[in-house]
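Trainee: This structure is in structure tokens; I'll ask about it shortly.
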Amino acid sequence: MEFSEALSATQITNHIKIRQPRLWILCGFYLPDAVAETRSAIDVAKVRGQFLLGFNFPPKLGECFPYEGHIWRVKGEPIQFPTRYRSKSRKESPFVACEYLESYSDEMQMFTRLLELSTNI
């Protein structure tokens, strides 16, 4: 079976809810100016800057993930700011820098591209 046949055989109609604690990580999204100039200001504001995102497990260096119609790659290992147990000091969220790869128009295109990117690593 070819890759494209296997992908078209998968049905993406049912969405499943997972009850699992989330790992909250501050993600720095760096959208290139050339891409930002082709988008509306509202769309650029959604994906340029720092946002606190929930993950099921910590992102790894080079991992790709979708966010707001775009595919992003983790540029480095998450930077952590540990605190002592029962400390009343300020708690900082881990931080990870993300680089823009490309946009996608629908869920099937996103899954196809993420599978291609994961096999090319």
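Order determines the names: the first chain of the structure tokens is A, the second B, and so forth; residues in each chain are numbered 1 upward, and ligands are numbered 1 upward as they are shown.
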Can you list every residue of segment 19-72 of chain A that has an atom at most 8 Å from segment 85-95 of chain A, with its nearest atom pair and the distance in Å to one decimal, using only C-alpha atoms, ordered by chain then number, as JSON lines?

Mentor:
```
{"residue": "A:Trp24", "atom": "CA", "partner": "A:Ser93", "partner_atom": "CA", "distance": 6.9}
{"residue": "A:Ile25", "atom": "CA", "partner": "A:Pro94", "partner_atom": "CA", "distance": 5.1}
{"residue": "A:Leu26", "atom": "CA", "partner": "A:Phe95", "partner_atom": "CA", "distance": 4.7}
{"residue": "A:Cys27", "atom": "CA", "partner": "A:Phe95", "partner_atom": "CA", "distance": 5.8}
{"residue": "A:Gly28", "atom": "CA", "partner": "A:Phe95", "partner_atom": "CA", "distance": 7.4}
```

Trainee: Among the residues of segment 40-70 of chain A, find those DSSP assigns to helix (DSSP H, G or I) from the backbone and print them as a PyMOL selection string.

Mentor: chain A and resi 41-47

Trainee: Which residues, written as a list in words, have at least one atom at most 10 Å from Ala97 of chain A, with only C-alpha atoms counted and residues fewer than 5 positions away on the same chain left out?

Mentor: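 Returned residues: Leu26, Cys27, Gly28, Phe29, Tyr30, Gln50, Leu61, Trp72, Arg73, Val74, Lys75, Gly76, Glu77, Pro78 and Ile79 of chain A.
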
Trainee: Please save C-alpha atoms of the selected residues as a PDB file, in the first residue's frame.

Mentor:
```pdb
ATOM      1  CA  LEU A  26       5.205  29.276  26.897  1.00  0.00           C
ATOM      2  CA  CYS A  27       5.860  29.141  23.134  1.00  0.00           C
ATOM      3  CA  GLY A  28       7.627  31.947  21.291  1.00  0.00           C
ATOM      4  CA  PHE A  29       6.338  32.027  17.715  1.00  0.00           C
ATOM      5  CA  TYR A  30       8.553  33.843  15.233  1.00  0.00           C
ATOM      6  CA  GLN A  50       4.446  34.366  22.993  1.00  0.00           C
ATOM      7  CA  LEU A  61      13.899  19.524  19.571  1.00  0.00           C
ATOM      8  CA  TRP A  72       5.722  25.067  13.518  1.00  0.00           C
ATOM      9  CA  ARG A  73       9.007  23.372  14.466  1.00  0.00           C
ATOM     10  CA  VAL A  74      10.548  23.393  17.935  1.00  0.00           C
ATOM     11  CA  LYS A  75      13.936  25.126  17.594  1.00  0.00           C
ATOM     12  CA  GLY A  76      15.443  24.062  20.917  1.00  0.00           C
ATOM     13  CA  GLU A  77      14.875  22.052  24.042  1.00  0.00           C
ATOM     14  CA  PRO A  78      12.372  23.631  26.446  1.00  0.00           C
ATOM     15  CA  ILE A  79      13.999  25.956  28.961  1.00  0.00           C
TER      16      ILE A  79
END
```

Trainee: Ranking A:Ser105, A:Tyr100, A:Ile16, A:Gly69 by minimum distance to Asp33 of chain A and counting only C-alpha atoms, which one comes first?

Mentor: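 Closest to Asp33 of chain A, using only C-alpha atoms: A:Tyr100.
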
Trainee: Could you tell me how far atom CA of Pro32 of chain A lies from atom CA of Leu115 of chain A, in Å and to one decimal?

Mentor: 23.6 Å
